[in-house]
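Below is work10.cif, which holds mmCIF, C-alpha atoms.
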```cif
data_final
#
loop_
_atom_site.label_atom_id
_atom_site.label_comp_id
_atom_site.auth_asym_id
_atom_site.auth_seq_id
_atom_site.Cartn_x
_atom_site.Cartn_y
_atom_site.Cartn_z
CA MET T 615 0.00 0.00 0.00
CA SER T 616 1.42 3.38 -0.97
CA PRO T 617 1.98 6.23 1.59
CA SER T 618 -0.79 8.31 0.01
CA THR T 619 -3.24 5.45 0.44
CA LEU T 620 -2.17 5.09 4.10
CA CYS T 621 -2.61 8.82 4.68
CA ALA T 622 -6.14 8.74 3.27
CA THR T 623 -6.96 5.77 5.48
CA ASN T 624 -5.57 7.59 8.54
CA ARG T 625 -7.52 10.79 7.87
CA ALA T 626 -10.76 8.84 7.50
CA ALA T 627 -10.37 7.15 10.88
CA PRO T 628 -11.59 8.93 14.04
CA TRP T 629 -8.98 10.55 16.28
CA HIS T 630 -9.44 8.13 19.14
CA HIS T 631 -8.58 5.29 16.76
CA ARG T 632 -5.35 7.04 15.77
CA SER T 633 -4.03 7.82 19.28
CA SER T 634 -4.78 6.52 22.74
CA VAL T 635 -3.56 6.86 26.32
CA THR T 636 -2.09 3.83 28.08
CA GLN T 637 -2.66 3.10 31.79
CA ASN T 638 0.63 4.72 32.83
CA GLY T 639 -0.06 7.94 30.90
CA ASP T 640 2.20 7.16 27.91
CA THR T 641 0.98 7.80 24.37
CA ALA T 642 0.40 4.98 21.96
CA GLY T 643 1.06 6.28 18.45
CA PRO T 644 -1.57 6.04 15.72
CA PRO T 645 -1.48 3.14 13.27
CA HIS T 646 0.80 3.76 10.29
CA ALA T 647 2.43 6.65 12.15
CA SER T 648 5.25 6.91 9.63
CA ALA T 649 2.85 7.35 6.75
CA THR T 650 0.91 9.98 8.63
CA ALA T 651 4.09 11.89 9.36
CA VAL T 652 5.06 11.77 5.69
CA CYS T 653 1.69 13.23 4.71
CA ARG T 654 2.01 16.06 7.21
CA GLY T 655 5.65 16.67 6.35
CA GLY T 656 6.89 16.06 9.95
CA SER T 657 8.72 13.35 11.85
CA ASP T 658 7.20 10.02 12.70
CA ALA T 659 7.31 10.68 16.49
CA ALA T 660 4.07 10.05 18.32
CA VAL T 661 2.14 13.09 19.56
CA PRO T 662 1.13 13.39 23.20
CA PRO T 663 -2.51 12.75 24.18
CA LEU T 664 -4.75 15.81 24.28
CA CYS T 665 -6.75 14.72 27.31
CA CYS T 666 -7.46 11.83 29.59
CA HIS T 667 -10.18 10.86 32.02
CA ARG T 668 -8.03 11.08 35.14
CA ARG T 669 -6.03 13.93 36.67
CA VAL T 670 -2.29 13.74 36.11
CA THR T 671 0.34 15.36 38.26
CA ALA T 672 2.48 16.37 35.30
CA VAL T 673 2.92 15.70 31.59
CA SER T 674 5.93 13.76 30.33
CA PRO T 675 7.59 15.05 27.17
CA PRO T 676 6.71 13.23 23.95
CA HIS T 677 8.99 10.49 22.73
CA GLY T 678 9.09 8.18 19.77
CA PRO T 679 7.72 4.65 19.82
CA ALA T 680 11.23 3.30 20.16
CA GLY T 681 12.43 5.98 22.58
CA PRO T 682 13.47 5.47 26.20
CA ALA T 683 10.97 4.99 29.01
CA PRO T 684 9.79 8.26 30.54
CA GLY T 685 11.60 9.46 33.64
CA PRO T 686 10.05 10.96 36.79
CA ALA T 687 7.30 13.47 36.03
CA PRO T 688 8.43 17.08 36.53
CA ALA T 689 6.68 18.99 39.30
CA ARG T 690 4.97 22.27 38.53
CA PRO T 691 7.18 25.37 39.00
CA GLY T 692 7.47 26.56 42.58
CA SER T 693 5.28 23.79 44.01
CA ARG T 694 5.53 23.21 47.73
CA PRO T 695 5.02 20.07 49.80
CA ALA T 696 1.57 19.67 51.30
CA ALA T 697 3.02 20.15 54.78
CA ALA T 698 4.10 23.68 53.84
CA MET T 699 0.45 24.61 53.34
CA ALA T 700 -0.56 23.50 56.85
CA GLU T 701 -2.11 25.92 59.28
CA PRO T 702 0.56 28.38 60.46
CA GLY T 703 1.93 27.82 63.92
CA GLY T 704 0.36 24.40 64.44
CA GLY T 705 -0.70 24.31 68.07
CA ARG T 706 0.86 27.64 69.01
CA PRO T 707 -0.92 31.01 68.76
CA VAL T 708 -0.92 32.72 65.37
CA THR T 709 1.48 35.66 65.11
CA VAL T 710 1.84 38.58 62.72
CA SER T 711 4.93 36.86 61.31
CA ASP T 712 2.79 33.82 60.40
CA VAL T 713 0.35 35.99 58.47
CA GLN T 714 3.19 37.78 56.66
CA GLN T 715 4.68 34.42 55.64
CA LEU T 716 1.34 33.30 54.22
CA VAL T 717 1.02 36.54 52.27
CA ARG T 718 4.51 36.02 50.81
CA ARG T 719 3.50 32.52 49.67
CA LYS T 720 0.36 33.97 48.09
CA ASP T 721 2.44 36.48 46.14
CA GLU T 722 4.77 33.72 44.93
CA ILE T 723 1.87 31.59 43.68
CA GLU T 724 0.28 34.56 41.92
CA ALA T 725 3.61 35.26 40.17
CA GLN T 726 3.82 31.63 39.03
CA ILE T 727 0.25 31.68 37.69
CA LYS T 728 1.07 34.88 35.76
CA ALA T 729 4.18 33.25 34.27
CA CYS T 730 2.12 30.25 33.09
CA TYR T 731 -0.44 32.52 31.44
CA GLU T 732 2.36 34.42 29.71
CA LEU T 733 3.67 31.11 28.37
CA LEU T 734 0.24 30.28 26.95
CA GLU T 735 0.02 33.74 25.42
CA GLY T 736 3.34 33.09 23.71
CA GLN T 737 1.91 29.92 22.18
CA LYS T 738 -0.38 31.70 19.70
CA GLY T 739 -2.54 32.88 22.59
CA VAL T 740 -4.13 29.44 23.10
CA GLY T 741 -5.23 30.25 26.66
CA MET T 742 -6.90 27.65 28.83
CA HIS T 743 -9.71 26.54 26.53
CA GLU T 744 -8.56 26.97 22.94
CA PRO T 745 -8.57 23.65 20.97
CA LEU T 746 -5.26 21.89 20.49
CA VAL T 747 -6.34 20.16 17.26
CA ASP T 748 -6.86 21.60 13.82
CA ALA T 749 -10.07 21.59 11.78
CA GLU T 750 -9.33 18.02 10.63
CA GLY T 751 -8.81 16.72 14.17
CA PHE T 752 -5.01 16.51 14.00
CA PRO T 753 -2.74 17.96 16.75
CA ARG T 754 -1.78 21.51 15.94
CA SER T 755 1.71 21.85 14.53
CA ASP T 756 2.03 25.60 15.17
CA ILE T 757 2.33 25.28 18.96
CA ASP T 758 4.31 23.24 21.50
CA LEU T 759 1.61 20.88 22.78
CA TYR T 760 3.74 19.67 25.69
CA GLN T 761 4.38 23.20 26.98
CA VAL T 762 0.73 24.21 26.54
CA ARG T 763 -0.68 21.18 28.36
CA THR T 764 1.92 21.44 31.16
CA ALA T 765 1.18 25.17 31.62
CA ARG T 766 -2.57 24.53 31.72
CA HIS T 767 -2.12 21.78 34.30
CA ASN T 768 0.15 23.96 36.44
CA ILE T 769 -2.33 26.84 36.33
CA ILE T 770 -5.13 24.60 37.63
CA CYS T 771 -2.94 23.21 40.43
CA LEU T 772 -1.60 26.64 41.40
CA GLN T 773 -5.10 28.11 41.46
CA ASN T 774 -6.17 25.34 43.85
CA ASP T 775 -3.13 26.11 46.05
CA HIS T 776 -3.99 29.81 45.91
CA LYS T 777 -7.58 29.17 47.03
CA ALA T 778 -6.44 27.00 49.95
CA LEU T 779 -3.81 29.57 50.94
CA MET T 780 -6.31 32.44 50.91
CA LYS T 781 -8.49 30.43 53.28
CA GLN T 782 -5.51 30.01 55.62
CA VAL T 783 -4.79 33.76 55.47
CA GLU T 784 -8.41 34.53 56.36
CA GLU T 785 -8.42 32.07 59.27
CA ALA T 786 -5.07 33.36 60.55
CA LEU T 787 -6.31 36.98 60.47
CA HIS T 788 -9.48 36.03 62.34
CA LYS T 789 -7.45 34.24 65.03
CA LEU T 790 -5.00 37.14 65.30
CA HIS T 791 -7.77 39.74 65.66
CA ALA T 792 -9.65 37.56 68.15
CA ARG T 793 -6.55 37.22 70.31
CA GLU T 794 -5.88 40.96 70.18
CA LYS T 795 -9.50 41.64 71.14
CA GLU T 796 -9.27 39.14 74.00
CA LYS T 797 -6.01 40.70 75.21
CA HIS T 798 -7.55 44.20 75.08
CA ALA T 799 -10.58 43.05 77.07
CA LYS T 800 -8.31 41.36 79.61
CA ASP T 801 -6.21 44.51 80.03
CA GLU T 802 -9.35 46.60 80.58
CA ALA T 803 -10.67 44.14 83.16
CA GLU T 804 -7.35 44.15 85.02
CA ALA T 805 -7.23 47.97 85.02
CA LEU T 806 -10.79 48.16 86.33
CA ALA T 807 -10.07 45.60 89.03
CA GLU T 808 -6.96 47.53 90.09
CA ALA T 809 -8.91 50.79 90.23
CA MET T 810 -11.65 49.19 92.32
CA SER T 811 -9.06 47.67 94.63
CA GLN T 812 -7.39 51.02 95.13
CA SER T 813 -10.73 52.70 95.68
CA GLN T 814 -11.67 50.19 98.33
CA SER T 815 -8.30 50.55 100.08
CA LEU T 816 -8.33 54.37 100.12
CA PRO T 817 -9.29 56.04 103.40
CA GLN T 818 -12.56 57.95 103.68
CA ALA T 819 -12.48 61.66 102.84
CA PHE T 820 -14.39 64.15 104.95
CA ALA T 821 -13.85 67.46 103.10
CA LYS T 822 -13.14 68.80 99.63
CA VAL T 823 -11.19 71.74 98.20
CA ASN T 824 -13.48 73.69 95.85
CA SER T 825 -11.27 76.73 95.13
CA VAL T 826 -7.59 77.70 95.37
CA THR T 827 -6.33 81.30 94.98
CA PRO T 828 -3.18 81.60 92.85
CA GLY T 829 -0.11 82.68 94.88
CA SER T 830 -1.69 81.61 98.18
CA PRO T 831 -0.04 79.21 100.67
CA ALA T 832 -2.47 76.50 99.54
CA SER T 833 -1.50 77.04 95.88
CA VAL T 834 2.23 77.04 96.71
CA SER T 835 1.88 73.77 98.64
CA GLY T 836 0.26 72.04 95.66
CA LEU T 837 -3.36 71.79 96.78
CA GLN T 838 -5.74 71.56 93.80
CA VAL T 839 -9.44 72.04 93.23
CA ASP T 840 -11.45 68.82 93.79
CA ASP T 841 -8.82 67.35 96.12
CA GLU T 842 -10.66 65.28 98.73
CA ILE T 843 -9.13 65.66 102.18
CA VAL T 844 -8.63 62.52 104.26
CA GLU T 845 -6.21 64.01 106.80
CA PHE T 846 -5.61 67.61 107.78
CA GLY T 847 -3.05 67.67 110.56
CA SER T 848 -4.71 65.78 113.41
CA VAL T 849 -8.19 65.88 111.80
CA ASN T 850 -9.46 62.81 109.97
CA ALA T 851 -12.77 61.18 109.09
CA ASN T 852 -13.09 59.61 112.54
CA ASN T 853 -12.90 62.86 114.56
CA PHE T 854 -14.13 65.41 112.03
CA GLN T 855 -17.31 67.19 113.11
CA ASN T 856 -17.35 70.46 111.19
CA LEU T 857 -15.07 72.98 109.47
CA GLN T 858 -14.27 74.58 112.81
CA ASN T 859 -12.00 71.59 113.50
CA ILE T 860 -9.87 72.53 110.48
CA ALA T 861 -9.91 76.24 111.39
CA THR T 862 -8.61 75.45 114.88
CA VAL T 863 -5.72 73.37 113.50
CA VAL T 864 -4.82 76.16 111.05
CA GLN T 865 -4.76 78.85 113.76
CA HIS T 866 -2.53 76.76 116.02
CA SER T 867 -0.16 75.88 113.14
CA GLU T 868 0.58 79.33 111.72
CA GLY T 869 4.10 79.35 110.33
CA ARG T 870 4.53 75.61 110.85
CA PRO T 871 4.09 72.90 108.18
CA LEU T 872 1.01 70.72 108.33
CA SER T 873 0.73 67.22 106.91
CA VAL T 874 -2.27 67.10 104.59
CA THR T 875 -3.35 63.96 102.76
CA VAL T 876 -5.80 64.14 99.86
CA ILE T 877 -7.27 61.78 97.27
CA ARG T 878 -6.56 62.97 93.74
CA GLY T 879 -7.50 60.98 90.63
CA GLY T 880 -8.07 57.81 92.65
CA ARG T 881 -4.68 58.03 94.36
CA ARG T 882 -3.47 59.17 97.76
CA VAL T 883 -1.32 62.34 97.63
CA HIS T 884 0.59 63.93 100.51
CA VAL T 885 0.91 67.72 100.62
CA GLY T 886 3.04 69.87 102.96
CA LEU T 887 0.92 72.95 103.79
CA THR T 888 2.23 75.85 105.90
CA PRO T 889 -0.48 78.30 107.07
CA LYS T 890 0.84 81.88 107.00
CA ARG T 891 -0.17 85.44 106.27
CA TRP T 892 -0.06 86.53 102.66
CA ALA T 893 -1.55 89.27 100.47
CA GLY T 894 -5.02 87.70 100.51
CA LYS T 895 -7.49 86.73 103.19
CA GLY T 896 -6.86 84.04 105.78
CA LEU T 897 -3.84 81.84 106.29
CA LEU T 898 -4.48 79.30 103.50
CA GLY T 899 -6.02 81.01 100.47
CA CYS T 900 -8.38 78.16 99.65
CA ASN T 901 -11.96 77.22 100.32
CA ILE T 902 -12.85 73.89 101.91
CA ILE T 903 -16.32 72.37 102.14
CA PRO T 904 -17.47 69.29 104.05
CA LEU T 905 -18.44 66.13 102.17
CA GLN T 906 -21.86 64.62 102.70
CA ARG T 907 -21.51 60.87 103.22
#
```

Target encoding structure tokens, full file:
Amino acid sequence: MSPSTLCATNRAAPWHHRSSVTQNGDTAGPPHASATAVCRGGSDAAVPPLCCHRRVTAVSPPHGPAGPAPGPAPARPGSRPAAAMAEPGGGRPVTVSDVQQLVRRKDEIEAQIKACYELLEGQKGVGMHEPLVDAEGFPRSDIDLYQVRTARHNIICLQNDHKALMKQVEEALHKLHAREKEKHAKDEAEALAEAMSQSQSLPQAFAKVNSVTPGSPASVSGLQVDDEIVEFGSVNANNFQNLQNIATVVQHSEGRPLSVTVIRGGRRVHVGLTPKRWAGKGLLGCNIIPLQR
């Protein structure tokens, strides 16, 4: 039978009769492959399969019927072991560094996906869904089928990795924000408990400063408006009866320092006050009112 007769026979047969996929993913060449190659003006090497019904991890380069057995399948560019995609930190709390590492991985995968798309664009712009056979059902001779199919496979795998990684980033951010919120609430509770403890341990005040004249002995000593007095010399909450008690202490302490203790901003503050004559009225230059308990 002449080559032209073989070519006509080959073109009349369906594609799946001319090429098939073996169980290990190798390509079985079409019958009369040499004649077919002569008709198309190419070599008689078998073409790789266009598709199969199971997912493959990689595509082996095409080889002739008499060529060597295929070696280990190449991994997609930049692929990582499955363990590298595990939840960051394992059993330990998620940190900002964990989130930053995940974001760096995301950027790497996105760069790899872009490179694969650029490779497809360089192959006559075939993209992800353009047919790899011509109008007569033969493999296209104007593109590198192996590169196209490998790039398409890598894009699908990388997109799956990207989706899983984005889920990890979202979970890590939620955990990080939840821990920060919990820490903030804990700090507020501790501050409130400390304030309540100090408030309960502070002595009872019996009077309050409601005005202080600038330049007066009270102003010089550091007394401030709204200071609550718990001790004024020998006067305290246990023996205080009225403001006359304070006036008596002031009159007997003219020119001598008095120990005055006040509560200011939830804290106990000691002030050294020396009653004396000055340009204004009285010996103190402040106004004190009793507290109603």

Need the shell around Val874 in chain T: protein/DNA/RNA residues with any atom at most 9 Å away, counting all atoms listed in the file. Skip same-chain ones fewer than 2 positions apart. Format as an mmCIF file with C-alpha atoms, keeping the file's coordinate frame?
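Saved to part_18.cif:
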```cif
data_model
loop_
_atom_site.group_PDB
_atom_site.id
_atom_site.type_symbol
_atom_site.label_atom_id
_atom_site.label_comp_id
_atom_site.auth_asym_id
_atom_site.auth_seq_id
_atom_site.Cartn_x
_atom_site.Cartn_y
_atom_site.Cartn_z
ATOM 1 C CA ILE T 843 -9.130 65.660 102.180
ATOM 2 C CA VAL T 844 -8.630 62.520 104.260
ATOM 3 C CA GLU T 845 -6.210 64.010 106.800
ATOM 4 C CA PHE T 846 -5.610 67.610 107.780
ATOM 5 C CA GLY T 847 -3.050 67.670 110.560
ATOM 6 C CA LEU T 872 1.010 70.720 108.330
ATOM 7 C CA VAL T 876 -5.800 64.140 99.860
ATOM 8 C CA VAL T 883 -1.320 62.340 97.630
ATOM 9 C CA HIS T 884 0.590 63.930 100.510
ATOM 10 C CA VAL T 885 0.910 67.720 100.620
ATOM 11 C CA GLY T 886 3.040 69.870 102.960
ATOM 12 C CA LEU T 887 0.920 72.950 103.790
#
```

Atom pair CA of Gly899 in chain T / CA of Ser835 in chain T: separation (Å):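 We find that CA of Gly899 in chain T and CA of Ser835 in chain T lie 10.9 Å from each other.
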
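Listed by chain and then by number, the residues chosen by the PyMOL selection byres ((chain T and resi 756) around 12) in this file are Gly656, Gly736, Gln737, Lys738, Gly739, Val740, Leu746, Val747, Asp748, Phe752, Pro753, Arg754, Ser755, Ile757, Asp758, Leu759 and Val762 of chain T.
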
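Across the structure, CA of Gln714 in chain T and CA of Val783 in chain T are spaced 9.0 Å apart.
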
Nearest to Pro817 in chain T by atom-to-atom distance, counting all atoms listed in the file, from T:Glu796, T:Glu842, T:Glu735, T:Glu744: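 Under the stated criterion, the closest residue is T:Glu842.
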
Result set of the PyMOL selection byres ((chain T and resi 856) around 10) on the coordinates above, as number ranges by chain: T: 820-821, 853-855, 857-861, 903-904

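Between CA of His788 in chain T and CA of Cys771 in chain T there is a distance of 26.2 Å.
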
Closest of T:Gly741, T:Thr709, T:Leu779, T:Gly869 to Glu722 in chain T - atom-to-atom distances counting only C-alpha atoms: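 Ranking T:Gly741, T:Thr709, T:Leu779, T:Gly869 by distance to Glu722 in chain T, first place goes to T:Leu779.
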
Set up a box along x, y and z of the file covering all listed atoms of range 872-876 of chain T, add 5 Å on every one of the six sides, and write the centre and edge lengths in Å to one decimal, as JSON.
```
{"center_x": -2.4, "center_y": 67.3, "center_z": 104.1, "size_x": 16.8, "size_y": 16.8, "size_z": 18.5}
```
